[in-house]
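*Asks:* Provided herewith: coords.tsv, TSV, C-alpha atoms and all ligand atoms.
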chain	number	residue	atom	x	y	z
Y	1	MET	CA	73.38	35.15	80.50
Y	2	GLU	CA	69.84	34.25	79.59
Y	3	HIS	CA	67.05	36.17	81.32
Y	4	THR	CA	64.35	34.38	83.29
Y	5	PRO	CA	60.72	35.18	82.34
Y	6	ILE	CA	59.83	38.63	83.67
Y	7	THR	CA	56.50	38.20	85.41
Y	8	TYR	CA	54.95	41.58	84.69
Y	9	ARG	CA	55.62	44.54	82.43
Y	10	LEU	CA	53.70	47.78	82.40
Y	11	SER	CA	55.09	48.75	79.02
Y	12	ASN	CA	56.82	47.14	76.10
Y	13	ASN	CA	59.50	49.75	75.58
Y	14	GLY	CA	60.38	50.34	79.21
Y	15	THR	CA	59.69	54.06	79.13
Y	16	SER	CA	55.95	54.65	79.03
Y	17	ALA	CA	53.27	52.80	80.95
Y	18	ALA	CA	50.46	55.26	80.17
Y	19	SER	CA	48.04	52.55	79.03
Y	20	TYR	CA	48.57	50.69	82.31
Y	21	TYR	CA	47.57	53.64	84.48
Y	22	GLY	CA	44.36	54.18	82.50
Y	23	ALA	CA	43.55	50.47	82.58
Y	24	VAL	CA	44.11	50.06	86.32
Y	25	ALA	CA	41.97	53.12	87.12
Y	26	GLU	CA	39.14	51.74	85.00
Y	27	PHE	CA	39.41	48.24	86.45
Y	28	THR	CA	39.50	49.57	90.02
Y	29	ASP	CA	36.28	51.51	89.34
Y	30	LEU	CA	34.72	48.29	88.06
Y	31	VAL	CA	35.82	46.33	91.15
Y	32	LEU	CA	34.47	48.98	93.52
Y	33	ALA	CA	31.17	49.18	91.62
Y	34	ARG	CA	30.79	45.39	91.71
Y	35	ALA	CA	31.57	45.42	95.46
Y	36	GLN	CA	28.74	47.87	96.22
Y	37	SER	CA	26.17	45.19	96.99
Y	38	THR	CA	28.55	42.57	98.40
Y	39	LEU	CA	31.70	43.83	100.16
Y	40	VAL	CA	30.85	47.49	100.75
Y	41	PRO	CA	28.02	46.89	103.28
Y	42	GLU	CA	30.46	44.78	105.32
Y	43	ALA	CA	33.17	47.45	104.98
Y	44	ARG	CA	30.72	50.06	106.31
Y	45	LYS	CA	29.86	47.91	109.31
Y	46	PHE	CA	33.54	47.38	110.04
Y	47	HIS	CA	34.14	51.13	109.71
Y	48	ARG	CA	31.54	51.70	112.46
Y	49	PHE	CA	33.14	48.95	114.58
Y	50	VAL	CA	36.57	50.61	114.28
Y	51	ILE	CA	35.10	53.92	115.44
Y	52	ALA	CA	33.07	52.36	118.26
Y	53	TYR	CA	36.11	50.57	119.71
Y	54	ASP	CA	38.59	53.32	118.80
Y	55	LEU	CA	40.89	50.82	117.09
Y	56	GLU	CA	42.57	53.20	114.66
Y	57	ASP	CA	41.96	56.44	112.76
Y	58	PRO	CA	39.14	55.19	110.57
Y	59	ARG	CA	40.16	54.74	106.97
Y	60	SER	CA	38.03	55.08	103.85
Y	61	ILE	CA	35.33	52.59	102.91
Y	62	GLU	CA	37.31	51.83	99.73
Y	63	GLU	CA	40.33	50.78	101.81
Y	64	TYR	CA	38.25	48.46	103.98
Y	65	THR	CA	36.58	47.10	100.84
Y	66	TYR	CA	40.03	46.36	99.46
Y	67	GLU	CA	40.95	44.56	102.70
Y	68	LEU	CA	37.95	42.28	102.16
Y	69	LEU	CA	38.90	41.59	98.57
Y	70	ASN	CA	42.48	40.94	99.70
Y	71	LEU	CA	41.30	38.51	102.37
Y	72	GLY	CA	39.21	36.58	99.85
Y	73	VAL	CA	42.12	36.27	97.40
Y	74	LEU	CA	44.57	35.31	100.17
Y	75	TRP	CA	42.18	32.70	101.49
Y	76	ARG	CA	41.88	31.14	98.04
Y	77	ALA	CA	45.67	31.16	97.65
Y	78	TYR	CA	46.78	30.09	101.15
Y	79	GLY	CA	43.75	29.17	103.29
Y	80	ASP	CA	44.10	25.40	102.83
Y	81	ILE	CA	47.85	25.50	103.42
Y	82	ALA	CA	47.54	27.62	106.57
Y	83	SER	CA	44.75	25.41	107.94
Y	84	SER	CA	46.89	22.30	107.43
Y	85	VAL	CA	49.86	23.55	109.47
Y	86	ARG	CA	49.68	22.03	112.93
Y	87	VAL	CA	52.93	23.00	114.62
Y	88	ALA	CA	55.38	25.79	113.79
Y	89	PRO	CA	57.52	28.33	115.66
Y	90	PHE	CA	55.12	31.06	114.54
Y	91	HIS	CA	56.26	33.62	117.06
Y	92	LEU	CA	59.96	33.18	116.28
Y	93	MET	CA	59.29	33.36	112.54
Y	94	ALA	CA	57.26	36.55	112.88
Y	95	ASN	CA	60.08	38.07	114.95
Y	96	LEU	CA	62.71	37.05	112.40
Y	97	GLY	CA	60.71	38.90	109.74
Y	98	GLU	CA	60.92	41.98	111.94
Y	99	TRP	CA	64.60	41.60	112.94
Y	100	ARG	CA	65.79	41.41	109.34
Y	101	LYS	CA	64.47	44.94	108.89
Y	102	THR	CA	65.95	46.42	112.01
Y	103	HIS	CA	69.30	44.53	111.90
Y	104	GLN	CA	70.44	44.98	108.31
Y	105	ARG	CA	73.90	43.55	109.00
Y	106	LEU	CA	72.42	40.28	110.28
Y	107	LYS	CA	69.92	40.09	107.42
Y	108	PRO	CA	71.87	37.56	105.27
Y	109	VAL	CA	72.12	35.10	108.17
Y	110	ILE	CA	68.53	35.66	109.27
Y	111	ASP	CA	67.33	35.14	105.70
Y	112	VAL	CA	69.03	31.76	105.35
Y	113	PHE	CA	67.44	30.64	108.61
Y	114	ARG	CA	64.04	32.03	107.59
Y	115	GLY	CA	64.19	30.25	104.22
Y	116	VAL	CA	64.62	26.88	105.94
Y	117	LEU	CA	61.92	27.54	108.54
Y	118	LEU	CA	59.42	28.72	105.92
Y	119	SER	CA	59.79	25.57	103.86
Y	120	VAL	CA	59.89	23.17	106.80
Y	121	PHE	CA	57.00	24.58	108.81
Y	122	LEU	CA	54.73	26.68	106.62
Y	123	LEU	CA	54.40	24.30	103.67
Y	124	PRO	CA	52.95	21.04	105.00
Y	125	LYS	CA	53.36	17.92	102.87
Y	126	THR	CA	49.68	17.12	103.16
Y	127	VAL	CA	47.22	19.90	102.47
Y	128	ARG	CA	43.58	19.37	103.36
Y	129	ARG	CA	40.97	21.23	101.32
Y	130	VAL	CA	38.74	23.40	103.52
Y	131	SER	CA	35.37	24.00	101.90
Y	132	GLU	CA	33.79	27.42	102.18
Y	133	SER	CA	31.09	26.11	104.52
Y	134	GLU	CA	33.83	24.98	106.94
Y	135	ILE	CA	35.59	28.34	107.27
Y	136	GLY	CA	35.11	29.66	110.77
Y	137	ILE	CA	36.91	32.00	113.10
Y	138	SER	CA	39.54	29.41	113.99
Y	139	GLU	CA	40.44	28.79	110.30
Y	140	LEU	CA	40.71	32.53	109.78
Y	141	GLY	CA	42.86	32.80	112.90
Y	142	ARG	CA	45.18	30.13	111.49
Y	143	LEU	CA	45.47	32.04	108.23
Y	144	VAL	CA	46.35	35.28	110.05
Y	145	THR	CA	49.00	33.53	112.17
Y	146	TRP	CA	50.45	31.89	109.06
Y	147	LEU	CA	50.51	35.19	107.15
Y	148	GLU	CA	52.39	36.89	109.94
Y	149	ALA	CA	54.92	34.05	110.21
Y	150	THR	CA	55.83	34.30	106.51
Y	151	GLY	CA	57.12	37.83	107.11
Y	152	ASP	CA	55.88	38.83	103.65
Y	153	PHE	CA	52.26	39.30	104.74
Y	154	ARG	CA	52.97	41.00	108.02
Y	155	GLU	CA	50.93	44.10	107.23
Y	156	ASP	CA	48.00	41.94	106.12
Y	157	ALA	CA	48.15	40.10	109.43
Y	158	PHE	CA	48.07	43.39	111.38
Y	159	ARG	CA	44.89	44.34	109.59
Y	160	TYR	CA	43.13	41.00	109.90
Y	161	VAL	CA	43.66	40.80	113.64
Y	162	ARG	CA	41.11	43.63	113.83
Y	163	TRP	CA	38.77	41.83	111.47
Y	164	LEU	CA	39.05	38.76	113.72
Y	165	GLY	CA	37.96	40.94	116.63
Y	166	TYR	CA	35.00	42.14	114.56
Y	167	LEU	CA	34.01	38.63	113.50
Y	168	GLY	CA	34.50	37.31	117.03
Y	169	LEU	CA	31.30	39.11	118.00
Y	170	GLU	CA	29.32	37.29	115.31
Y	171	THR	CA	27.75	33.81	115.21
Y	172	SER	CA	29.60	31.00	113.45
Y	173	GLU	CA	26.91	30.97	110.71
Y	174	ARG	CA	27.51	34.66	110.08
Y	175	VAL	CA	31.29	34.14	109.85
Y	176	THR	CA	30.81	31.33	107.34
Y	177	SER	CA	28.44	33.39	105.21
Y	178	PHE	CA	30.85	36.36	105.43
Y	179	MET	CA	33.67	34.18	104.09
Y	180	GLU	CA	31.45	32.69	101.37
Y	181	THR	CA	30.77	36.22	100.14
Y	182	LEU	CA	34.50	37.06	100.12
Y	183	VAL	CA	35.55	33.85	98.41
Y	184	THR	CA	32.85	34.22	95.72
Y	185	PHE	CA	33.93	37.80	95.07
Y	186	ALA	CA	37.59	36.76	94.93
Y	187	ALA	CA	36.75	34.07	92.36
Y	188	TRP	CA	35.05	36.68	90.17
Y	189	PHE	CA	38.06	38.98	90.64
Y	190	GLU	CA	40.51	36.31	89.55
Y	191	THR	CA	38.70	35.71	86.27
Y	192	GLU	CA	37.85	39.33	85.51
Y	193	SER	CA	41.31	40.65	86.43
Y	194	ALA	CA	42.92	38.13	84.07
Y	195	ASN	CA	40.73	39.51	81.25
Y	196	ARG	CA	41.30	43.16	82.10
Y	197	MET	CA	44.85	43.29	83.44
Y	198	GLY	CA	46.35	40.04	82.10
Y	199	THR	CA	48.08	41.87	79.28
Y	200	PHE	CA	50.51	43.28	81.88
Y	201	THR	CA	51.25	39.92	83.54
Y	202	PRO	CA	51.87	37.57	80.61
Y	203	ASN	CA	54.71	35.54	82.12
Y	204	VAL	CA	53.62	34.84	85.69
Y	205	GLU	CA	52.66	31.23	85.01
Y	206	ALA	CA	55.82	30.57	82.94
Y	207	PHE	CA	57.90	32.03	85.77
Y	208	LEU	CA	56.14	29.85	88.36
Y	209	ASP	CA	56.59	26.72	86.21
Y	210	GLU	CA	60.24	27.40	85.54
Y	211	ARG	CA	61.36	28.82	88.89
Y	212	SER	CA	59.31	27.30	91.73
Y	213	SER	CA	61.93	24.71	92.65
Y	214	TYR	CA	64.65	27.40	92.68
Y	215	TYR	CA	62.85	29.15	95.57
Y	216	ARG	CA	62.35	25.94	97.58
Y	217	TRP	CA	64.58	26.98	100.49
Y	218	ARG	CA	64.64	30.71	99.96
Y	219	GLU	CA	63.22	33.33	102.26
Y	220	ASP	CA	61.69	35.25	99.32
Y	221	ARG	CA	59.64	32.28	98.10
Y	222	PHE	CA	56.27	33.73	99.09
Y	223	SER	CA	57.17	37.14	97.78
Y	224	CYS	CA	58.37	35.83	94.41
Y	225	LEU	CA	55.95	32.96	93.86
Y	226	ARG	CA	52.75	35.02	93.87
Y	227	SER	CA	49.86	33.93	91.69
Y	228	ARG	CA	48.68	36.02	88.79
Y	229	ALA	CA	45.56	37.01	90.74
Y	230	GLU	CA	47.80	38.40	93.50
Y	231	TYR	CA	49.63	40.55	90.97
Y	232	HIS	CA	46.31	42.00	89.80
Y	233	LEU	CA	45.18	42.38	93.41
Y	234	ASN	CA	48.25	44.48	94.21
Y	235	MET	CA	47.64	46.64	91.14
Y	236	VAL	CA	44.16	47.49	92.43
Y	237	GLY	CA	45.49	47.92	95.98
Y	238	ALA	CA	48.10	50.46	94.87
Y	239	GLU	CA	45.46	52.40	92.94
Y	240	ILE	CA	43.06	52.48	95.91
Y	241	MET	CA	45.83	53.61	98.27
Y	242	ASN	CA	46.94	56.37	95.94
Y	243	ARG	CA	43.38	57.68	95.74
Y	244	ALA	CA	42.89	57.47	99.51
Y	245	TYR	CA	46.12	59.26	100.51
Y	246	ARG	CA	46.40	61.75	97.66
Y	247	HIS	CA	45.03	64.72	99.54
Y	248	ASP	CA	47.29	64.27	102.58
Y	249	PHE	CA	50.33	63.70	100.37
Y	250	VAL	CA	49.74	66.83	98.30
Y	251	SER	CA	49.43	68.89	101.49
Y	252	CYS	CA	52.92	67.89	102.69
Y	253	GLU	CA	55.61	70.55	102.60
Y	254	LYS	CA	58.42	68.05	102.21
Y	255	LYS	CA	58.43	65.10	99.83
Y	256	THR	CA	60.88	62.24	99.35
Y	257	VAL	CA	60.98	59.57	96.66
Y	258	LEU	CA	62.21	56.20	97.98
Y	259	ALA	CA	63.80	54.37	95.05
Y	260	PRO	CA	64.92	50.73	95.14
Y	261	GLY	CA	68.59	49.87	94.52
Y	262	CYS	CA	67.67	47.79	91.46
Y	263	MET	CA	67.03	51.01	89.48
Y	264	ARG	CA	70.72	51.89	89.53
Y	265	ALA	CA	72.81	51.62	86.38
Y	266	ARG	CA	75.77	50.33	88.39
Y	267	PRO	CA	76.00	47.57	90.97
Y	268	ALA	CA	76.05	48.62	94.63
Y	269	GLU	CA	79.85	48.20	94.80
Y	270	THR	CA	80.56	50.82	92.10
Y	271	CYS	CA	77.58	53.17	92.61
Y	272	GLU	CA	79.08	56.46	93.80
Y	273	GLY	CA	76.02	57.45	95.81
Y	274	VAL	CA	76.61	58.80	99.31
Y	275	LYS	CA	75.32	56.80	102.26
Y	276	THR	CA	73.21	58.86	104.68
Y	277	ALA	CA	70.86	58.02	107.52
Y	278	ASP	CA	67.89	58.37	105.13
Y	279	GLY	CA	69.39	56.20	102.41
Y	280	ILE	CA	71.84	56.54	99.53
Y	281	ARG	CA	71.92	59.95	97.84
Y	282	CYS	CA	72.73	59.77	94.15
Y	283	SER	CA	75.81	61.74	93.11
Y	284	GLY	CA	75.01	61.51	89.39
Y	285	CYS	CA	78.02	59.38	88.43
Y	286	GLU	CA	76.15	57.89	85.45
Y	287	SER	CA	73.98	60.26	83.44
Y	288	SER	CA	71.80	57.48	81.99
Y	289	CYS	CA	71.15	55.92	85.41
Y	290	HIS	CA	67.42	55.78	86.18
Y	291	VAL	CA	68.02	57.00	89.73
Y	292	ASN	CA	69.94	59.98	88.38
Y	293	GLN	CA	66.93	60.77	86.18
Y	294	LEU	CA	64.66	60.61	89.23
Y	295	ARG	CA	67.04	62.91	91.08
Y	296	GLU	CA	66.79	65.48	88.27
Y	297	ILE	CA	62.98	65.25	88.23
Y	298	GLY	CA	63.00	65.57	92.01
Y	299	LEU	CA	65.11	68.72	91.81
Y	300	ARG	CA	62.59	70.29	89.42
Y	301	HIS	CA	59.61	69.31	91.61
Y	302	GLY	CA	61.12	70.08	95.02
Y	303	ALA	CA	61.38	66.44	96.08
Y	304	ASP	CA	64.30	64.61	97.61
Y	305	VAL	CA	65.31	61.21	96.17
Y	306	VAL	CA	67.07	58.46	98.11
Y	307	VAL	CA	67.83	54.83	97.36
Y	308	ILE	CA	66.81	52.48	100.15
Y	309	PRO	CA	67.54	48.78	100.58
Y	310	HIS	CA	64.79	46.21	100.13
Y	311	SER	CA	62.85	45.61	103.37
Y	312	THR	CA	63.89	48.79	105.14
Y	313	ASP	CA	62.02	49.72	108.30
Y	314	LEU	CA	59.73	52.49	106.98
Y	315	ALA	CA	58.83	53.79	110.44
Y	316	ARG	CA	61.69	56.28	110.20
Y	317	TRP	CA	59.54	58.37	107.82
Y	318	SER	CA	56.78	58.92	110.35
Y	319	ALA	CA	56.12	62.51	111.42
Y	320	GLN	CA	58.37	63.85	114.19
Y	321	PRO	CA	56.83	66.16	116.79
Y	322	GLY	CA	57.04	69.78	115.60
Y	323	ALA	CA	58.45	68.82	112.17
Y	324	PRO	CA	56.52	69.61	108.96
Y	325	ALA	CA	54.49	66.76	107.46
Y	326	HIS	CA	56.63	64.60	105.22
Y	327	GLY	CA	55.13	62.85	102.18
Y	328	VAL	CA	56.77	59.81	100.67
Y	329	VAL	CA	56.61	58.28	97.20
Y	330	GLY	CA	57.35	54.57	97.48
Y	331	VAL	CA	58.70	52.92	94.32
Y	332	ALA	CA	58.71	49.13	94.23
Y	333	CYS	CA	57.75	46.08	92.24
Y	334	LEU	CA	54.28	44.56	92.51
Y	335	SER	CA	55.13	41.90	95.05
Y	336	VAL	CA	56.04	44.38	97.80
Y	337	LEU	CA	54.42	47.69	96.83
Y	338	VAL	CA	51.13	47.37	98.72
Y	339	GLU	CA	52.78	45.94	101.85
Y	340	GLY	CA	55.10	48.97	101.85
Y	341	GLY	CA	52.15	51.33	101.36
Y	342	TRP	CA	50.31	49.73	104.26
Y	343	GLU	CA	53.40	49.98	106.45
Y	344	LEU	CA	53.71	53.69	105.65
Y	345	ARG	CA	50.00	54.16	106.40
Y	346	ARG	CA	50.37	52.35	109.73
Y	347	ASN	CA	53.12	54.84	110.59
Y	348	ASN	CA	50.93	57.78	109.50
Y	349	VAL	CA	53.14	58.71	106.57
Y	350	PRO	CA	51.17	60.31	103.71
Y	351	ALA	CA	52.31	58.18	100.80
Y	352	GLN	CA	51.86	57.57	97.11
Y	353	CYS	CA	53.09	54.44	95.38
Y	354	ILE	CA	54.58	54.02	91.94
Y	355	LEU	CA	55.13	50.65	90.41
Y	356	LEU	CA	58.35	49.69	88.76
Y	357	ASN	CA	57.64	49.02	85.09
Y	358	GLU	CA	58.94	45.49	85.63
Y	359	CYS	CA	60.77	43.41	88.22
Y	360	GLY	CA	64.37	42.61	87.40
Y	361	CYS	CA	66.74	42.72	90.32
Y	362	ARG	CA	69.40	40.03	90.48
Y	363	LYS	CA	68.75	39.21	94.09
Y	364	HIS	CA	65.15	38.12	93.69
Y	365	TRP	CA	64.04	37.91	90.07
Y	366	ASP	CA	66.56	37.52	87.33
Y	367	ASP	CA	69.89	35.65	87.22
Y	368	ALA	CA	71.54	38.36	85.15
Y	369	GLY	CA	69.59	41.33	86.53
Y	370	PHE	CA	69.01	44.62	84.73
Y	371	PRO	CA	68.31	48.20	85.84
Y	372	THR	CA	64.59	48.56	86.46
Y	373	SER	CA	62.59	51.64	85.48
Y	374	LEU	CA	59.40	53.52	86.23
Y	375	ASP	CA	57.08	55.65	84.17
Y	376	VAL	CA	58.55	59.15	84.53
Y	377	ARG	CA	55.30	60.81	83.46
Y	378	GLN	CA	53.53	59.07	86.32
Y	379	LEU	CA	56.17	60.31	88.75
Y	380	LYS	CA	55.77	63.88	87.50
Y	381	THR	CA	51.98	63.58	87.87
Y	382	VAL	CA	52.34	62.29	91.42
Y	383	LEU	CA	54.77	65.08	92.38
Y	384	SER	CA	52.72	67.83	90.72
N	1	LIG	S1	73.94	57.74	88.98
N	1	LIG	FE1	73.52	57.80	91.19
N	1	LIG	S2	72.37	55.94	91.72
N	1	LIG	FE2	73.18	55.70	89.64
N	1	LIG	S3	75.04	54.51	89.95
N	1	LIG	FE3	75.65	56.72	89.99
N	1	LIG	S4	75.50	57.44	92.10
N	1	LIG	FE4	74.52	55.40	91.96
Represent the structure from my file as structure tokens, please.

*Replies:*
Amino acid sequence: MEHTPITYRLSNNGTSAASYYGAVAEFTDLVLARAQSTLVPEARKFHRFVIAYDLEDPRSIEEYTYELLNLGVLWRAYGDIASSVRVAPFHLMANLGEWRKTHQRLKPVIDVFRGVLLSVFLLPKTVRRVSESEIGISELGRLVTWLEATGDFREDAFRYVRWLGYLGLETSERVTSFMETLVTFAAWFETESANRMGTFTPNVEAFLDERSSYYRWREDRFSCLRSRAEYHLNMVGAEIMNRAYRHDFVSCEKKTVLAPGCMRARPAETCEGVKTADGIRCSGCESSCHVNQLREIGLRHGADVVVIPHSTDLARWSAQPGAPAHGVVGVACLSVLVEGGWELRRNNVPAQCILLNECGCRKHWDDAGFPTSLDVRQLKTVLS
């Protein structure tokens, strides 16, 4: 069977992505330096707002800066669409996104239903362009509601509800100028990230051209049909998260690597892993299996390895009273990695993320499917 275009690849040989990790660190430094005079002052103000109103354990200025960059890129990608939706069962759709995680057996049925609702309600036939000078609190509110209803941007929506509270205290002129700053920065990011990180995402546009109609009624359409800028955005997001949570992760006594099922050499039906409450524990039935390799690395570094299904509820990894702190390494493809990292952060789990070298599971990306991989040197560095 012929393979569909693989949207991103961190390496050409599937084993080493060393050049990617150097490139993303350098590009993230550039983004943060460029944000110093534009996004960072706003991130600092928001940091003070979070403390003043006791909204959450305050996070780093870099994380809030990333949230601003993320909002600018999301507005450019979806702002017009979200503003054009007039009526939709937003609440039901947001709940369905939650139920599919907590009711794994009902997930196939829920996903069919979600796929139809997403296409019918969240993608209006007529999309009106909203100019930057028109963006106000109500347009931003529409975007946040829309993001939550997709189910794929749930963690973004959680964060931007707080930003809406922050902006709700400002004048409409200030909100418009705030958004103009974000959108201008996001436009710079889109161009610059294509120059700096585009070598790792050569096939995104070919994939979108070839496959968009295939996802028309599918629940994973927003997850799989991301723009190239969103891929680069998630690269920077993963890097910023890893920097922010490194210290807490290293301090944890217990560590677990959460691997996706698509890394297995065998399909789920013939994988001899043992099902447990935490996930599937590899029994080493196939020596060349990438999960088996992770298991062996884990044994040498004192880390547990389990395979978990896509869209698992990650709250189960949050610290239990009296139990030692538990650090988690989340392994995923670019379209879901940052959302997973944010979910772990929301549940106070010290986490590190590692990108799959490419996306290739049969369920979402490739008709034939192939075992995905990660950069083992990066995993060893993270666990060291
Ligand atoms: S080696 Fe482990 S993860 Fe891979 S197929 Fe066998 S039991 Fe499953």

*Asks:* Taking all atoms listed in the file into account, report as an MDAnalysis selection string which residues have an atom no farther than 10 Å from an atom of ligand LIG 1 (chain N).

*Replies:* chainID Y and resid 259:274 280:295 305:307 371

*Asks:* Please identify all polymer residues lying at most 12 Å from the point (45.8, 56.9, 97.0) (file coordinates), using only C-alpha atoms, and present the result as a ChimeraX atom specification.

*Replies:* /Y:25,28,59-60,62-63,235-250,328-330,338,341-342,345,350-354,382

*Asks:* Mind pulling up the distance from atom CA of Met197 of chain Y to atom CA of Tyr20 of chain Y?

*Replies:*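 Here the two named atoms are 8.4 Å from each other.
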
*Asks:* So, with only C-alpha atoms as the atoms that count, which of Y:Asp54, Y:Asp375, Y:Asp367, Y:Glu148 lies closest to Arg211 of chain Y?

*Replies:*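 Checking each of Y:Asp54, Y:Asp375, Y:Asp367, Y:Glu148 against Arg211 of chain Y, counting only C-alpha atoms, the winner is Y:Asp367.
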
*Asks:* Mind checking which residues fall within 10 Å of Phe207 of chain Y, counting all atoms listed in the file, ignoring those fewer than 3 positions away in the same chain, and posting them as a list in words?

*Replies:*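 So, after excluding close chain neighbours, the residues are Thr4, Pro5, Ile6, Thr7, Pro202, Asn203, Val204, Glu210, Arg211, Ser212, Cys224, Leu225 and Trp365 of chain Y.
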
*Asks:* How many Å lie between atom CA of Thr191 of chain Y and atom CA of Gln378 of chain Y, rounded to one decimal?

*Replies:* 27.7 Å

*Asks:* Show which residues sit within 12 Å of Glu155 of chain Y, as a PyMOL selection string. Count all atoms listed in the file, and ignore same-chain residues fewer than 6 positions away.

*Replies:* chain Y and resi 67+70+94+97-98+144-145+147-149+161-162+336-347

*Asks:* In Å to one decimal, how far is atom CA of Cys361 of chain Y from atom CA of Glu190 of chain Y?

*Replies:*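 Going from atom CA of Glu190 of chain Y over to atom CA of Cys361 of chain Y covers 27.0 Å.
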
*Asks:* Measuring between all atoms listed in the file, which one of Y:Trp75, Y:Phe178, Y:Tyr66, Y:Tyr21 shows the shortest distance to Gln36 of chain Y?

*Replies:*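 Going through Y:Trp75, Y:Phe178, Y:Tyr66, Y:Tyr21 one by one, the smallest distance to Gln36 of chain Y is for Y:Tyr66.
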
*Asks:* Where atoms are missing, can you supply all heavy atoms for segment 16-21 of chain Y and output the lot as a PDB file, in the coordinates of the input?

*Replies:*
ATOM      1  N   SER Y  16      57.277  54.092  78.801  1.00  0.00           N
ATOM      2  CA  SER Y  16      55.950  54.650  79.030  1.00  0.00           C
ATOM      3  C   SER Y  16      54.972  53.550  79.411  1.00  0.00           C
ATOM      4  O   SER Y  16      54.879  52.531  78.748  1.00  0.00           O
ATOM      5  CB  SER Y  16      55.451  55.353  77.776  1.00  0.00           C
ATOM      6  OG  SER Y  16      54.095  55.678  77.957  1.00  0.00           O
ATOM      7  N   ALA Y  17      54.263  53.785  80.511  1.00  0.00           N
ATOM      8  CA  ALA Y  17      53.270  52.800  80.950  1.00  0.00           C
ATOM      9  C   ALA Y  17      51.899  53.474  80.996  1.00  0.00           C
ATOM     10  O   ALA Y  17      51.055  53.096  81.794  1.00  0.00           O
ATOM     11  CB  ALA Y  17      53.662  52.244  82.304  1.00  0.00           C
ATOM     12  N   ALA Y  18      51.700  54.471  80.122  1.00  0.00           N
ATOM     13  CA  ALA Y  18      50.460  55.260  80.170  1.00  0.00           C
ATOM     14  C   ALA Y  18      49.230  54.376  80.060  1.00  0.00           C
ATOM     15  O   ALA Y  18      48.233  54.594  80.760  1.00  0.00           O
ATOM     16  CB  ALA Y  18      50.468  56.309  79.077  1.00  0.00           C
ATOM     17  N   SER Y  19      49.249  53.367  79.212  1.00  0.00           N
ATOM     18  CA  SER Y  19      48.040  52.550  79.030  1.00  0.00           C
ATOM     19  C   SER Y  19      47.745  51.764  80.319  1.00  0.00           C
ATOM     20  O   SER Y  19      46.597  51.518  80.651  1.00  0.00           O
ATOM     21  CB  SER Y  19      48.183  51.613  77.841  1.00  0.00           C
ATOM     22  OG  SER Y  19      49.094  50.597  78.137  1.00  0.00           O
ATOM     23  N   TYR Y  20      48.799  51.412  81.047  1.00  0.00           N
ATOM     24  CA  TYR Y  20      48.570  50.690  82.310  1.00  0.00           C
ATOM     25  C   TYR Y  20      47.795  51.567  83.292  1.00  0.00           C
ATOM     26  O   TYR Y  20      46.828  51.101  83.912  1.00  0.00           O
ATOM     27  CB  TYR Y  20      49.906  50.260  82.943  1.00  0.00           C
ATOM     28  CG  TYR Y  20      49.709  49.841  84.380  1.00  0.00           C
ATOM     29  CD1 TYR Y  20      49.148  48.598  84.681  1.00  0.00           C
ATOM     30  CD2 TYR Y  20      49.992  50.710  85.436  1.00  0.00           C
ATOM     31  CE1 TYR Y  20      48.902  48.229  85.993  1.00  0.00           C
ATOM     32  CE2 TYR Y  20      49.749  50.351  86.748  1.00  0.00           C
ATOM     33  CZ  TYR Y  20      49.203  49.113  87.031  1.00  0.00           C
ATOM     34  OH  TYR Y  20      48.937  48.757  88.326  1.00  0.00           O
ATOM     35  N   TYR Y  21      48.199  52.807  83.457  1.00  0.00           N
ATOM     36  CA  TYR Y  21      47.570  53.640  84.480  1.00  0.00           C
ATOM     37  C   TYR Y  21      46.101  53.908  84.159  1.00  0.00           C
ATOM     38  O   TYR Y  21      45.263  53.966  85.058  1.00  0.00           O
ATOM     39  CB  TYR Y  21      48.387  54.922  84.702  1.00  0.00           C
ATOM     40  CG  TYR Y  21      49.663  54.594  85.450  1.00  0.00           C
ATOM     41  CD1 TYR Y  21      50.885  54.518  84.793  1.00  0.00           C
ATOM     42  CD2 TYR Y  21      49.631  54.267  86.800  1.00  0.00           C
ATOM     43  CE1 TYR Y  21      52.041  54.154  85.470  1.00  0.00           C
ATOM     44  CE2 TYR Y  21      50.782  53.901  87.488  1.00  0.00           C
ATOM     45  CZ  TYR Y  21      51.978  53.843  86.821  1.00  0.00           C
ATOM     46  OH  TYR Y  21      53.113  53.464  87.496  1.00  0.00           O
TER      47      TYR Y  21
END
